[in-house]
>>> print(open('work.cif').read())   # mmCIF, C-alpha atoms
data_entry
loop_
_atom_site.label_atom_id
_atom_site.label_comp_id
_atom_site.auth_asym_id
_atom_site.auth_seq_id
_atom_site.Cartn_x
_atom_site.Cartn_y
_atom_site.Cartn_z
CA MET A 1 -28.17 39.57 72.14
CA PRO A 2 -27.04 36.42 70.28
CA ASP A 3 -29.53 34.39 68.28
CA ILE A 4 -30.33 31.64 70.80
CA ASN A 5 -31.94 29.45 68.17
CA ALA A 6 -28.80 29.60 66.03
CA LEU A 7 -26.84 28.25 69.02
CA LEU A 8 -29.35 25.59 70.09
CA HIS A 9 -30.52 24.47 66.65
CA PRO A 10 -27.97 25.60 64.06
CA VAL A 11 -29.00 25.22 60.42
CA VAL A 12 -26.53 24.20 57.73
CA GLN A 13 -27.02 26.88 55.09
CA ASP A 14 -24.15 25.73 52.87
CA HIS A 15 -22.72 22.25 53.47
CA ASP A 16 -19.65 22.80 51.29
CA GLY A 17 -19.06 26.10 53.07
CA LEU A 18 -19.31 24.37 56.45
CA ILE A 19 -16.69 21.79 55.45
CA GLU A 20 -14.43 24.56 54.15
CA PHE A 21 -14.80 26.42 57.46
CA ILE A 22 -13.94 23.27 59.42
CA GLU A 23 -10.77 22.84 57.37
CA ASP A 24 -9.80 26.49 57.77
CA LEU A 25 -10.42 26.32 61.51
CA ALA A 26 -8.18 23.26 61.80
CA ASP A 27 -5.36 25.34 60.32
CA ILE A 28 -5.96 28.39 62.51
CA VAL A 29 -6.54 26.86 65.96
CA PRO A 30 -3.01 25.40 66.44
CA ASN A 31 -1.59 28.86 65.77
CA VAL A 32 -4.01 30.39 68.29
CA GLU A 33 -2.94 27.79 70.90
CA ARG A 34 0.73 28.48 70.17
CA ASP A 35 0.36 32.26 70.47
CA VAL A 36 -1.72 31.98 73.67
CA ALA A 37 0.99 29.79 75.22
CA ARG A 38 3.66 32.31 74.24
CA LEU A 39 1.56 35.20 75.50
CA LYS A 40 1.36 33.54 78.91
CA ARG A 41 5.13 33.96 79.12
CA THR A 42 5.23 37.46 77.65
CA PRO A 43 1.78 38.98 78.25
CA ASP A 44 2.77 42.42 76.94
CA ASP A 45 3.98 41.18 73.55
CA LYS A 46 2.11 43.43 71.10
CA ALA A 47 3.04 41.29 68.09
CA LEU A 48 1.50 38.18 69.64
CA ILE A 49 -1.64 40.09 70.59
CA ALA A 50 -1.90 41.36 67.03
CA ASN A 51 -1.46 37.80 65.71
CA LEU A 52 -4.29 36.57 67.90
CA PHE A 53 -6.54 39.44 66.87
CA ARG A 54 -5.93 38.69 63.19
CA ALA A 55 -6.57 35.00 63.75
CA LEU A 56 -9.96 35.63 65.39
CA HIS A 57 -10.80 38.23 62.76
CA ASN A 58 -10.11 35.58 60.12
CA VAL A 59 -12.24 33.01 61.95
CA LYS A 60 -15.14 35.44 62.05
CA GLY A 61 -14.65 36.42 58.42
CA ASP A 62 -14.41 32.81 57.25
CA ALA A 63 -17.52 31.93 59.26
CA SER A 64 -19.44 34.77 57.67
CA ILE A 65 -18.35 33.86 54.14
CA CYS A 66 -19.10 30.17 54.71
CA LYS A 67 -22.47 30.98 56.35
CA VAL A 68 -21.54 29.32 59.66
CA GLU A 69 -23.43 31.52 62.12
CA VAL A 70 -22.10 29.72 65.19
CA GLY A 71 -18.59 30.67 64.15
CA VAL A 72 -19.50 34.34 63.92
CA LEU A 73 -21.28 34.32 67.28
CA VAL A 74 -18.30 32.73 69.06
CA ALA A 75 -15.51 34.63 67.30
CA HIS A 76 -16.99 38.14 67.43
CA PRO A 77 -16.81 38.75 71.21
CA ILE A 78 -13.32 37.21 71.39
CA GLU A 79 -12.23 39.55 68.60
CA THR A 80 -13.67 42.44 70.64
CA LEU A 81 -11.73 41.32 73.73
CA LEU A 82 -8.51 41.08 71.72
CA ALA A 83 -9.11 44.54 70.24
CA ARG A 84 -9.42 45.91 73.78
CA LEU A 85 -6.29 43.99 74.79
CA ARG A 86 -4.41 45.40 71.80
CA GLY A 87 -5.52 48.90 72.76
CA GLY A 88 -4.34 48.49 76.36
CA GLU A 89 -7.86 48.74 77.77
CA ILE A 90 -7.66 45.34 79.47
CA ALA A 91 -4.78 43.14 80.64
CA PHE A 92 -3.95 39.61 79.57
CA SER A 93 -4.36 36.91 82.22
CA ASP A 94 -4.20 33.12 82.46
CA LEU A 95 -7.96 32.99 82.89
CA LEU A 96 -8.53 35.03 79.74
CA ALA A 97 -6.20 32.61 77.96
CA GLU A 98 -8.23 29.66 79.23
CA VAL A 99 -11.43 31.24 77.95
CA ILE A 100 -9.98 31.77 74.48
CA LEU A 101 -8.76 28.18 74.30
CA LEU A 102 -12.04 26.82 75.67
CA ALA A 103 -14.02 28.83 73.12
CA MET A 104 -11.86 27.54 70.25
CA ASP A 105 -12.26 23.96 71.52
CA ARG A 106 -16.04 24.32 71.70
CA LEU A 107 -16.23 25.92 68.28
CA GLU A 108 -14.26 23.05 66.75
CA MET A 109 -16.51 20.54 68.48
CA ALA A 110 -19.65 22.42 67.45
CA VAL A 111 -18.93 22.55 63.74
CA GLU A 112 -17.94 18.88 63.66
CA VAL A 113 -21.18 17.94 65.42
CA ILE A 114 -23.22 20.18 63.10
CA ALA A 115 -21.57 18.61 60.05
CA ALA A 116 -22.50 15.18 61.38
CA GLY A 117 -26.14 16.25 61.80
CA ARG A 118 -26.15 15.78 65.58
CA SER A 119 -27.41 17.98 68.41
CA VAL A 120 -25.07 20.60 69.90
CA GLY A 121 -27.06 20.92 73.14
CA HIS A 122 -24.39 19.24 75.29
CA LEU A 123 -21.78 21.83 74.24
CA LYS A 124 -23.49 24.67 76.13
CA LEU A 125 -22.95 27.16 73.32
CA VAL A 126 -25.56 29.54 74.73
CA GLU A 127 -23.65 29.76 78.03
CA LEU A 128 -20.39 30.16 76.13
CA VAL A 129 -21.56 33.02 73.92
CA HIS A 130 -23.43 34.78 76.75
CA GLY A 131 -20.26 34.59 78.83
CA LEU A 132 -18.09 35.88 76.00
CA ASP A 133 -20.47 38.77 75.37
CA ALA A 134 -20.37 39.66 79.08
CA MET A 135 -16.57 39.62 79.05
CA ALA A 136 -16.41 41.73 75.90
CA THR A 137 -18.01 44.69 77.72
CA ALA A 138 -16.67 44.07 81.23
CA GLN A 139 -14.32 46.39 83.07
CA ASP A 140 -10.70 45.23 83.29
CA ALA A 141 -11.04 44.49 87.01
CA ASP A 142 -13.99 42.18 86.31
CA ILE A 143 -12.49 40.16 83.43
CA ASP A 144 -11.09 37.35 85.58
CA ALA A 145 -14.35 37.00 87.52
CA ARG A 146 -16.32 36.88 84.28
CA SER A 147 -13.82 34.33 82.93
CA THR A 148 -14.31 32.11 85.95
CA GLU A 149 -18.10 32.33 85.61
CA LEU A 150 -17.93 31.40 81.94
CA ILE A 151 -15.61 28.43 82.46
CA GLU A 152 -17.75 27.11 85.31
CA ALA A 153 -20.98 27.58 83.31
CA VAL A 154 -19.61 25.75 80.27
CA THR A 155 -17.55 22.99 81.89
CA GLY A 156 -19.29 22.55 85.24
CA PHE A 157 -16.23 23.25 87.38
CA ARG A 158 -14.20 26.24 88.49
CA PRO A 159 -10.80 26.69 86.82
CA VAL A 160 -7.89 25.46 88.89
CA ARG A 161 -6.19 28.81 89.26
CA ALA A 162 -9.42 30.51 90.30
CA SER A 163 -9.98 27.83 92.90
CA ALA A 164 -6.40 28.16 94.14
CA GLN A 165 -6.87 31.86 94.77
CA VAL A 166 -9.67 31.32 97.26
CA ARG A 167 -8.74 27.94 98.73
CA PRO A 168 -7.14 28.05 102.21
CA ALA A 169 -3.67 26.58 102.48
CA VAL A 170 -3.64 22.79 102.88
CA ALA A 171 -3.06 21.42 106.32
CA HIS A 172 0.41 19.93 105.76
CA THR A 173 2.08 23.32 105.30
CA ALA A 174 1.21 26.99 105.00
CA LEU A 175 1.70 28.77 101.70
CA ALA A 176 -0.03 31.98 100.72
CA ALA A 177 -2.26 31.97 97.65
CA ASP A 178 0.01 34.39 95.80
CA GLU A 179 2.99 32.11 96.49
CA VAL A 180 1.06 29.11 95.16
CA ASN A 181 0.18 31.02 92.01
CA ALA A 182 3.76 32.22 91.60
CA ASP A 183 5.04 28.65 91.92
CA LEU A 184 2.51 27.41 89.36
CA LYS A 185 3.56 30.16 86.98
CA PHE A 186 7.18 29.05 87.37
CA PHE A 187 6.26 25.38 86.82
CA ARG A 188 4.33 26.31 83.68
CA SER A 189 7.30 28.33 82.39
CA LEU A 190 9.51 25.25 82.79
CA ALA A 191 6.93 23.14 80.95
CA TYR A 192 6.90 25.63 78.08
CA LEU A 193 10.72 25.54 77.93
CA PHE A 194 10.52 21.76 77.72
CA GLU A 195 7.97 22.01 74.90
CA GLU A 196 10.28 24.31 72.94
CA ARG A 197 12.94 21.59 72.69
CA SER A 198 10.94 19.88 69.93
CA PRO A 199 8.14 20.99 67.59
CA LEU A 200 6.40 17.70 68.41
CA TYR A 201 5.87 18.88 72.00
CA LYS A 202 4.00 22.10 71.20
CA GLY A 203 0.85 22.39 73.34
CA ARG A 204 1.64 19.13 75.13
CA SER A 205 1.32 20.45 78.70
CA GLY A 206 -2.09 21.98 78.01
CA ARG A 207 -3.39 18.77 76.46
CA LEU A 208 -2.12 16.65 79.34
CA LEU A 209 -3.51 19.04 81.94
CA ARG A 210 -7.00 19.09 80.40
CA LEU A 211 -7.08 15.29 80.19
CA ALA A 212 -5.75 14.82 83.74
CA LEU A 213 -8.08 17.36 85.35
CA ASP A 214 -11.12 16.02 83.46
CA THR A 215 -10.25 12.44 84.44
CA ASN A 216 -9.87 13.52 88.06
CA ILE A 217 -13.24 15.30 87.92
CA ALA A 218 -14.89 12.24 86.37
CA ALA A 219 -13.77 10.29 89.43
CA GLY A 220 -15.15 12.86 91.88
CA GLN A 221 -11.88 14.83 92.16
CA PRO A 222 -10.06 12.74 94.80
CA VAL A 223 -6.73 14.32 93.79
CA ASP A 224 -5.97 17.95 94.69
CA PRO A 225 -6.18 19.69 91.27
CA VAL A 226 -3.55 22.28 92.19
CA GLN A 227 -1.03 19.57 93.10
CA LEU A 228 -2.02 17.67 89.95
CA GLU A 229 -1.39 20.75 87.79
CA ALA A 230 2.05 21.19 89.31
CA ALA A 231 2.85 17.53 88.72
CA ILE A 232 1.69 17.65 85.09
CA CYS A 233 3.87 20.69 84.43
CA MET A 234 6.92 19.15 86.11
CA HIS A 235 6.69 15.41 85.46
CA ASP A 236 9.08 15.38 82.48
CA ILE A 237 11.28 18.34 83.42
CA GLY A 238 13.91 15.84 84.58
CA MET A 239 14.49 15.04 80.91
CA MET A 240 16.18 18.42 80.56
CA PHE A 241 18.92 17.23 82.92
CA LEU A 242 19.79 14.44 80.47
CA PRO A 243 21.70 14.74 77.17
CA GLU A 244 19.33 15.70 74.36
CA SER A 245 20.88 12.89 72.32
CA VAL A 246 19.06 10.52 74.70
CA TRP A 247 15.58 11.92 75.17
CA LEU A 248 15.19 13.45 71.70
CA LYS A 249 16.61 10.38 69.99
CA VAL A 250 14.82 9.13 66.90
CA GLY A 251 14.72 5.35 66.65
CA ASN A 252 15.38 2.54 69.13
CA LEU A 253 17.00 3.34 72.46
CA SER A 254 20.05 1.45 73.68
CA ASP A 255 20.07 -0.18 77.11
CA GLU A 256 22.26 2.70 78.32
CA ASP A 257 19.77 5.24 76.99
CA LYS A 258 16.90 3.48 78.74
CA GLN A 259 18.80 3.41 82.01
CA ALA A 260 19.51 7.13 81.74
CA LEU A 261 15.85 7.92 81.03
CA ARG A 262 14.79 6.04 84.15
CA GLY A 263 16.42 8.75 86.23
CA HIS A 264 14.28 11.63 84.99
CA PRO A 265 11.38 11.34 87.51
CA ALA A 266 13.78 11.72 90.43
CA TYR A 267 15.24 14.99 89.13
CA ALA A 268 11.87 16.73 88.84
CA ALA A 269 10.52 15.23 92.08
CA GLY A 270 13.64 16.46 93.86
CA LEU A 271 12.94 20.02 92.75
CA LEU A 272 9.35 19.89 94.00
CA GLU A 273 10.29 18.28 97.33
CA ARG A 274 12.33 21.33 98.29
CA THR A 275 9.08 23.08 99.21
CA ALA A 276 6.94 21.13 101.67
CA TYR A 277 3.73 22.40 100.06
CA TRP A 278 4.49 20.56 96.80
CA ARG A 279 5.39 17.18 98.26
CA ALA A 280 2.14 15.64 97.03
CA ALA A 281 3.02 16.79 93.50
CA ALA A 282 6.56 15.48 94.00
CA GLN A 283 5.18 12.05 94.88
CA MET A 284 3.05 12.03 91.72
CA VAL A 285 6.08 12.92 89.61
CA ALA A 286 8.34 10.37 91.27
CA GLN A 287 5.82 7.56 90.73
CA HIS A 288 4.33 8.33 87.31
CA HIS A 289 6.30 5.51 85.61
CA GLU A 290 5.41 2.90 88.23
CA MET A 291 2.97 0.12 87.22
CA PRO A 292 0.31 -1.74 89.22
CA ASP A 293 2.06 -5.08 88.61
CA GLY A 294 5.40 -3.75 89.94
CA ALA A 295 7.11 -3.72 86.54
CA GLY A 296 7.56 0.05 86.45
CA TYR A 297 10.37 2.30 87.63
CA PRO A 298 12.23 3.68 89.50
CA ALA A 299 11.15 1.81 92.65
CA GLY A 300 9.10 -1.10 91.25
CA LEU A 301 6.11 -0.08 93.37
CA LYS A 302 2.89 -2.08 93.15
CA ASP A 303 -0.68 -0.86 92.87
CA ALA A 304 -1.49 -0.01 96.51
CA ASP A 305 1.75 1.93 96.94
CA ILE A 306 1.27 4.20 93.91
CA CYS A 307 -0.57 7.47 94.57
CA ALA A 308 -3.70 8.31 92.59
CA GLY A 309 -2.18 11.36 90.90
CA ALA A 310 0.70 9.28 89.53
CA LYS A 311 -1.81 6.79 88.12
CA ILE A 312 -3.63 9.59 86.28
CA ILE A 313 -0.39 11.00 84.87
CA ALA A 314 0.73 7.55 83.70
CA ILE A 315 -2.43 7.15 81.64
CA VAL A 316 -2.61 10.62 80.08
CA ASP A 317 1.15 10.68 79.39
CA ALA A 318 0.95 7.34 77.57
CA PHE A 319 -2.11 8.50 75.66
CA GLU A 320 -0.27 11.63 74.48
CA SER A 321 2.75 9.56 73.44
CA VAL A 322 0.70 7.07 71.44
CA THR A 323 -1.37 9.83 69.83
CA LEU A 324 1.84 11.59 68.78
CA LYS A 325 3.30 8.34 67.41
CA HIS A 326 0.28 7.89 65.14
CA SER A 327 -0.35 11.56 64.36
CA HIS A 328 0.56 11.03 60.71
CA ARG A 329 -2.63 8.98 60.41
CA GLY A 330 -4.85 12.03 61.09
CA GLN A 331 -6.31 13.26 64.39
CA SER A 332 -9.35 10.99 64.64
CA ARG A 333 -7.45 7.85 63.67
CA SER A 334 -4.60 8.59 66.09
CA LEU A 335 -7.08 9.14 68.91
CA LEU A 336 -8.80 5.84 68.23
CA ARG A 337 -5.48 4.04 68.00
CA ALA A 338 -4.29 5.59 71.26
CA ILE A 339 -7.48 4.59 73.07
CA ALA A 340 -7.14 1.03 71.81
CA GLU A 341 -3.51 0.79 72.92
CA ILE A 342 -4.13 2.25 76.37
CA ASN A 343 -6.98 -0.18 77.04
CA ALA A 344 -4.97 -3.12 75.74
CA CYS A 345 -2.25 -2.54 78.37
CA ASP A 346 -4.22 -3.98 81.27
CA ASN A 347 -1.10 -4.47 83.44
CA GLN A 348 0.41 -1.05 82.84
CA PHE A 349 -2.33 1.24 84.16
CA ALA A 350 -4.60 1.34 87.21
CA PRO A 351 -7.94 -0.21 86.16
CA GLU A 352 -9.93 2.01 88.54
CA TRP A 353 -8.76 5.05 86.55
CA ILE A 354 -9.05 3.62 83.03
CA GLY A 355 -12.86 3.78 83.17
CA HIS A 356 -12.87 7.47 84.11
CA PHE A 357 -10.25 8.25 81.45
CA ASN A 358 -12.26 6.36 78.82
CA ALA A 359 -15.33 8.43 79.67
CA VAL A 360 -13.40 11.66 79.16
CA VAL A 361 -11.87 10.58 75.85
CA ARG A 362 -15.16 9.13 74.65
CA ARG A 363 -16.71 12.57 75.06
CA MET A 364 -13.83 14.03 73.04
CA VAL A 365 -14.33 11.53 70.22
CA GLU A 366 -18.12 11.81 70.18
CA SER A 367 -17.85 15.58 70.05
#
>>> encode(input="work.cif", output="structure tokens")
Amino acid sequence: MPDINALLHPVVQDHDGLIEFIEDLADIVPNVERDVARLKRTPDDKALIANLFRALHNVKGDASICKVEVGVLVAHPIETLLARLRGGEIAFSDLLAEVILLAMDRLEMAVEVIAAGRSVGHLKLVELVHGLDAMATAQDADIDARSTELIEAVTGFRPVRASAQVRPAVAHTALAADEVNADLKFFRSLAYLFEERSPLYKGRSGRLLRLALDTNIAAGQPVDPVQLEAAICMHDIGMMFLPESVWLKVGNLSDEDKQALRGHPAYAAGLLERTAYWRAAAQMVAQHHEMPDGAGYPAGLKDADICAGAKIIAIVDAFESVTLKHSHRGQSRSLLRAIAEINACDNQFAPEWIGHFNAVVRRMVES
């Protein structure tokens, strides 16, 4: 049983050690995210599994040396899971991947909050560690169910893919759950291929998806999260139909370049439209560069004619772009700069969604 008090009221035993652990974790987590993303494409890759195991072993070891008990409590059951995965006792799944990433996110948040002398109660570390411990000893057939329980306990909502597996087909067309999941897997694979075109794009789809889904949830989830996930994965795939000299160009774009880039939403939307089930996602993709004042593209639509999902994507996509542009300033400064820029563009984004987005990002910054 984990030490509940250490999770609810962690004590800083060595402040310098805590800062050192935070710095080490900042170096390790991007590699964990990268290897998890790759493992989603090749789930039987023993080298990637070994990399992940070593990474979590290092997190646990660093936490122990630096006297950060929370780090040990979070990392130990994940290390156990990865040892079982390495030994072939359990299988890798998207839900297991989500749990690993969620745990790393919460651990990063927790140590930052602890260093600032604030309460960690809102992070639900007890639920996280209890869930991880339950997964560490679960049978292979029960891992996904345990993963779903953990994610729901920690975040307050069921993961999208778990929901998709039990949700009946939407009324506008029939598509079996396994077909939906297969399509989503394909869309994610295209997103990962897009990310591989530039080191700056690594992890981009996951960041956008978390922001978009959380913003949707903050608004009461008016947009179908499965359609939103498909749209997030596919919204920039049209770029891959353009010359790389255009969309990977460093510096100012020519008028011809800008005109070429304006065609990318139509390419991706056209792919999605070929299956009736994904037409809602196609609409989001087609409209994600439209603006409420009609100054967007490709159709110059105005506020009432732009679907809600497209409005969400417009905001999170711009936020990611601005954050990337200022990434050299450090993570916290780039976040603050991105928030300021997004809120300053009052004609570019739907005001009814800005408030919900701000609430999500504010929680990120405060954590």
>>> resolve_selection(input="work.cif", expression="the PyMOL selection byres ((chain A and resi 70) around 9)", output="VMD selection string")
chain A and resid 6 to 7 10 63 67 to 69 71 to 75 107 110 to 111 125
>>> residues_around(input="work.cif", residues="Glu341 in chain A", least_positions_apart="6", cutoff="10 Å", atoms="all atoms listed in the file", output="PyMOL selection string")
chain A and resi 318-319+322-323+335
>>> write_last_selection(input="work.cif", atoms="C-alpha atoms", output="JSON list (two decimals), keeping the file's coordinate frame")
[["chain", "number", "residue", "atom", "x", "y", "z"],
["A", 318, "ALA", "CA", 0.95, 7.34, 77.57],
["A", 319, "PHE", "CA", -2.11, 8.50, 75.66],
["A", 322, "VAL", "CA", 0.70, 7.07, 71.44],
["A", 323, "THR", "CA", -1.37, 9.83, 69.83],
["A", 335, "LEU", "CA", -7.08, 9.14, 68.91]]
>>> closest_residue(input="work.cif", among="A:Ala299, A:Ala230, A:Asp16, A:Ile313", to="Glu273 in chain A", atoms="all atoms listed in the file")
A:Ala230
>>> closest_residue(input="work.cif", among="A:Arg106, A:Lys60, A:His76, A:Arg41", to="Asp24 in chain A", atoms="all atoms listed in the file")
A:Lys60
>>> atom_distance(input="work.cif", atom1="CA of Glu320 in chain A", atom2="CA of Gly220 in chain A")
22.9 Å
>>> closest_residue(input="work.cif", among="A:Met104, A:Leu18, A:Ala26, A:Ala37", to="Leu132 in chain A", atoms="all atoms listed in the file")
A:Met104
>>> residues_around(input="work.cif", residues="Val360 in chain A", least_positions_apart="3", cutoff="12 Å", atoms="only C-alpha atoms", output="PyMOL selection string")
chain A and resi 210-219+316+339+353-357+363-367
>>> write_last_selection(input="work.cif", atoms="C-alpha atoms", output="compact mmCIF listing (two decimals), in the coordinates of the input")
# COMPACT_ATOMS: atom_id res chain seq x y z
CA ARG A 210 -7.00 19.09 80.40
CA LEU A 211 -7.08 15.29 80.19
CA ALA A 212 -5.75 14.82 83.74
CA LEU A 213 -8.08 17.36 85.35
CA ASP A 214 -11.12 16.02 83.46
CA THR A 215 -10.25 12.44 84.44
CA ASN A 216 -9.87 13.52 88.06
CA ILE A 217 -13.24 15.30 87.92
CA ALA A 218 -14.89 12.24 86.37
CA ALA A 219 -13.77 10.29 89.43
CA VAL A 316 -2.61 10.62 80.08
CA ILE A 339 -7.48 4.59 73.07
CA TRP A 353 -8.76 5.05 86.55
CA ILE A 354 -9.05 3.62 83.03
CA GLY A 355 -12.86 3.78 83.17
CA HIS A 356 -12.87 7.47 84.11
CA PHE A 357 -10.25 8.25 81.45
CA ARG A 363 -16.71 12.57 75.06
CA MET A 364 -13.83 14.03 73.04
CA VAL A 365 -14.33 11.53 70.22
CA GLU A 366 -18.12 11.81 70.18
CA SER A 367 -17.85 15.58 70.05
>>> closest_residue(input="work.cif", among="A:Ser189, A:Glu229, A:Arg86, A:Asn181", to="Ala47 in chain A", atoms="all atoms listed in the file")
A:Arg86
>>> residues_near_point(input="work.cif", point="(0.6, 43.4, 75.7)", cutoff="7 Å", atoms="all atoms listed in the file", output="mmCIF file with C-alpha atoms, in the frame of the given file")
data_model
loop_
_atom_site.group_PDB
_atom_site.id
_atom_site.type_symbol
_atom_site.label_atom_id
_atom_site.label_comp_id
_atom_site.auth_asym_id
_atom_site.auth_seq_id
_atom_site.Cartn_x
_atom_site.Cartn_y
_atom_site.Cartn_z
ATOM 1 C CA PRO A 43 1.780 38.980 78.250
ATOM 2 C CA ASP A 44 2.770 42.420 76.940
ATOM 3 C CA ASP A 45 3.980 41.180 73.550
ATOM 4 C CA LYS A 46 2.110 43.430 71.100
ATOM 5 C CA ILE A 49 -1.640 40.090 70.590
ATOM 6 C CA LEU A 85 -6.290 43.990 74.790
ATOM 7 C CA ARG A 86 -4.410 45.400 71.800
#
>>> closest_residue(input="work.cif", among="A:Ala115, A:Ala281, A:Val120, A:Val36", to="Phe92 in chain A", atoms="only C-alpha atoms")
A:Val36
>>> resolve_selection(input="work.cif", expression="the PyMOL selection byres ((chain A and resi 280) around 12)", output="count of residues only")
34
>>> atom_distance(input="work.cif", atom1="CA of Glu149 in chain A", atom2="CA of Asn58 in chain A")
26.9 Å
>>> closest_residue(input="work.cif", among="A:Ser93, A:Thr155, A:Asn5, A:Asn343", to="Lys124 in chain A", atoms="only C-alpha atoms")
A:Thr155
>>> residues_near_point(input="work.cif", point="(-23.0, 35.7, 75.3)", cutoff="10 Å", atoms="only C-alpha atoms", output="ChimeraX atom specification")
/A:1-4,73-74,77,125-136,150
>>> write_last_selection(input="work.cif", atoms="C-alpha atoms", output="PDB file, in the coordinates of the input")
ATOM      1  CA  MET A   1     -28.170  39.570  72.140  1.00  0.00           C
ATOM      2  CA  PRO A   2     -27.040  36.420  70.280  1.00  0.00           C
ATOM      3  CA  ASP A   3     -29.530  34.390  68.280  1.00  0.00           C
ATOM      4  CA  ILE A   4     -30.330  31.640  70.800  1.00  0.00           C
ATOM      5  CA  LEU A  73     -21.280  34.320  67.280  1.00  0.00           C
ATOM      6  CA  VAL A  74     -18.300  32.730  69.060  1.00  0.00           C
ATOM      7  CA  PRO A  77     -16.810  38.750  71.210  1.00  0.00           C
ATOM      8  CA  LEU A 125     -22.950  27.160  73.320  1.00  0.00           C
ATOM      9  CA  VAL A 126     -25.560  29.540  74.730  1.00  0.00           C
ATOM     10  CA  GLU A 127     -23.650  29.760  78.030  1.00  0.00           C
ATOM     11  CA  LEU A 128     -20.390  30.160  76.130  1.00  0.00           C
ATOM     12  CA  VAL A 129     -21.560  33.020  73.920  1.00  0.00           C
ATOM     13  CA  HIS A 130     -23.430  34.780  76.750  1.00  0.00           C
ATOM     14  CA  GLY A 131     -20.260  34.590  78.830  1.00  0.00           C
ATOM     15  CA  LEU A 132     -18.090  35.880  76.000  1.00  0.00           C
ATOM     16  CA  ASP A 133     -20.470  38.770  75.370  1.00  0.00           C
ATOM     17  CA  ALA A 134     -20.370  39.660  79.080  1.00  0.00           C
ATOM     18  CA  MET A 135     -16.570  39.620  79.050  1.00  0.00           C
ATOM     19  CA  ALA A 136     -16.410  41.730  75.900  1.00  0.00           C
ATOM     20  CA  LEU A 150     -17.930  31.400  81.940  1.00  0.00           C
TER      21      LEU A 150
END
>>> atom_distance(input="work.cif", atom1="CA of Val29 in chain A", atom2="CA of Met239 in chain A")
28.4 Å
>>> resolve_selection(input="work.cif", expression="the PyMOL selection byres ((chain A and resi 52) around 8)", output="list in words")
Val32, Asp35, Val36, Leu48, Ile49, Ala50, Asn51, Phe53, Arg54, Ala55, Leu56 and Leu82 of chain A
